[in-house]
Amino acid sequence: MSKLEFELVDADVVPILGLEACQGLGNVKRVDTLNNQASLDEFADCFEGIGSFEREQTIQIDPEVKPLINRARRIPLSRVEKVKVELDKMEANGIIEKVDQPTPWVNSMVVVEKRDGSIRVCL
């Protein structure tokens with residue numbers, strides 16, 4: 001059982017339940033780790049190697065939406081070499097490809113250092 005505090009308003013608005021209320025009501029359950037061995041065994045292929053689609057995918061872009069170019073984020077000097085190695089590896093594995101000309105959409109890259117010291121590149 002959970003006690004929730006509600007605020008009543010005299011307005012024509014959509015009611016909203018926040019995360020805390022949804023968790024209290026049992027509508028949302030947070031899963032921070034997966035420790036069920038049966039699930040790990042059943043979906044082992046999802047946790048190994050590099051995922052890929054069976055065929056080429058196309059992203060549909062609404063022509064009314066104005067293209068966005070985000071400026072590059074700075075990479076700490078201590079990570080530059082690791083990032084170069086990871087990008088070369090991703091290019092060699094066909095995950096990314098080098099673009100030598102301007103494009104209408106540019107997404108900034110985020111680099112995260114994992115606990116083991118390796119690099120995760122997020123685009």
# chains A, B, ... in the order shown; residues from 1 in each chain; ligands from 1
>>> residues_around(residues="A:Glu86", least_positions_apart="6", cutoff="10 Å", atoms="only C-alpha atoms", output="number ranges by chain")
A: 80, 92, 118-121
>>> write_last_selection(atoms="N, CA and C atoms", output="PDB file, in the first residue's frame")
ATOM      1  N   VAL A  80      41.727  11.514 -26.054  1.00  0.00           N
ATOM      2  CA  VAL A  80      41.773  11.692 -27.509  1.00  0.00           C
ATOM      3  C   VAL A  80      42.299  10.449 -28.223  1.00  0.00           C
ATOM      4  N   ALA A  92      36.265   0.209 -39.109  1.00  0.00           N
ATOM      5  CA  ALA A  92      36.722  -1.065 -39.675  1.00  0.00           C
ATOM      6  C   ALA A  92      35.634  -2.138 -39.570  1.00  0.00           C
ATOM      7  N   SER A 118      37.966   1.449 -20.725  1.00  0.00           N
ATOM      8  CA  SER A 118      37.691   1.504 -22.157  1.00  0.00           C
ATOM      9  C   SER A 118      36.726   2.655 -22.459  1.00  0.00           C
ATOM     10  N   ILE A 119      36.506   2.923 -23.739  1.00  0.00           N
ATOM     11  CA  ILE A 119      35.720   4.066 -24.176  1.00  0.00           C
ATOM     12  C   ILE A 119      34.410   3.612 -24.802  1.00  0.00           C
ATOM     13  N   ARG A 120      33.322   4.323 -24.513  1.00  0.00           N
ATOM     14  CA  ARG A 120      32.048   4.124 -25.192  1.00  0.00           C
ATOM     15  C   ARG A 120      31.774   5.405 -25.978  1.00  0.00           C
ATOM     16  N   VAL A 121      31.526   5.262 -27.268  1.00  0.00           N
ATOM     17  CA  VAL A 121      31.217   6.409 -28.120  1.00  0.00           C
ATOM     18  C   VAL A 121      29.719   6.388 -28.387  1.00  0.00           C
TER      19      VAL A 121
END
>>> residues_around(residues="A:Ile75", least_positions_apart="3", cutoff="12 Å", atoms="only C-alpha atoms", output="mmCIF file with N, CA and C atoms, in the first residue's frame")
data_model
loop_
_atom_site.group_PDB
_atom_site.id
_atom_site.type_symbol
_atom_site.label_atom_id
_atom_site.label_comp_id
_atom_site.auth_asym_id
_atom_site.auth_seq_id
_atom_site.Cartn_x
_atom_site.Cartn_y
_atom_site.Cartn_z
ATOM 1 N N ALA A 72 30.494 20.353 -32.125
ATOM 2 C CA ALA A 72 31.227 19.239 -31.521
ATOM 3 C C ALA A 72 31.496 19.516 -30.044
ATOM 4 N N SER A 78 43.247 13.653 -22.401
ATOM 5 C CA SER A 78 43.641 12.319 -21.938
ATOM 6 C C SER A 78 42.887 11.204 -22.645
ATOM 7 N N ARG A 79 41.765 11.522 -23.299
ATOM 8 C CA ARG A 79 40.957 10.500 -23.974
ATOM 9 C C ARG A 79 41.080 10.529 -25.498
ATOM 10 N N VAL A 80 41.727 11.514 -26.054
ATOM 11 C CA VAL A 80 41.773 11.692 -27.509
ATOM 12 C C VAL A 80 42.299 10.449 -28.223
ATOM 13 N N GLU A 81 43.412 9.880 -27.755
ATOM 14 C CA GLU A 81 43.993 8.714 -28.420
ATOM 15 C C GLU A 81 43.054 7.510 -28.337
ATOM 16 N N LYS A 82 42.443 7.285 -27.174
ATOM 17 C CA LYS A 82 41.497 6.167 -27.015
ATOM 18 C C LYS A 82 40.302 6.340 -27.952
ATOM 19 N N VAL A 83 39.832 7.580 -28.100
ATOM 20 C CA VAL A 83 38.682 7.855 -28.971
ATOM 21 C C VAL A 83 39.054 7.580 -30.426
ATOM 22 N N LYS A 84 40.248 8.014 -30.849
ATOM 23 C CA LYS A 84 40.690 7.750 -32.223
ATOM 24 C C LYS A 84 40.748 6.249 -32.494
ATOM 25 N N SER A 108 26.150 15.612 -32.363
ATOM 26 C CA SER A 108 27.399 15.658 -31.617
ATOM 27 C C SER A 108 27.695 14.299 -30.976
ATOM 28 N N MET A 109 28.958 14.021 -30.783
ATOM 29 C CA MET A 109 29.416 12.756 -30.228
ATOM 30 C C MET A 109 29.688 12.934 -28.742
ATOM 31 N N VAL A 110 29.289 11.934 -27.959
ATOM 32 C CA VAL A 110 29.561 11.941 -26.524
ATOM 33 C C VAL A 110 30.471 10.757 -26.238
ATOM 34 N N VAL A 111 31.529 11.002 -25.472
ATOM 35 C CA VAL A 111 32.474 9.945 -25.132
ATOM 36 C C VAL A 111 32.380 9.688 -23.632
ATOM 37 N N VAL A 112 32.205 8.411 -23.285
ATOM 38 C CA VAL A 112 32.089 8.024 -21.886
ATOM 39 C C VAL A 112 33.177 6.998 -21.595
ATOM 40 N N GLU A 113 33.872 7.203 -20.484
ATOM 41 C CA GLU A 113 34.872 6.210 -20.090
ATOM 42 C C GLU A 113 34.204 5.204 -19.164
ATOM 43 N N ILE A 119 36.506 2.923 -23.739
ATOM 44 C CA ILE A 119 35.720 4.066 -24.176
ATOM 45 C C ILE A 119 34.410 3.612 -24.802
ATOM 46 N N VAL A 121 31.526 5.262 -27.268
ATOM 47 C CA VAL A 121 31.217 6.409 -28.120
ATOM 48 C C VAL A 121 29.719 6.388 -28.387
#
>>> select_by_dssp(residues="chain A", states="alpha helix (DSSP H)", output="NGL selection string")
:A and (19-25 or 37-42 or 80-92)
>>> select_by_dssp(residues="stretch 18-121 of chain A", states="strand (DSSP E or B)", output="list in words")
Ile69, Val106, Val110, Val111, Val112, Glu113, Ile119, Arg120 and Val121 of chain A
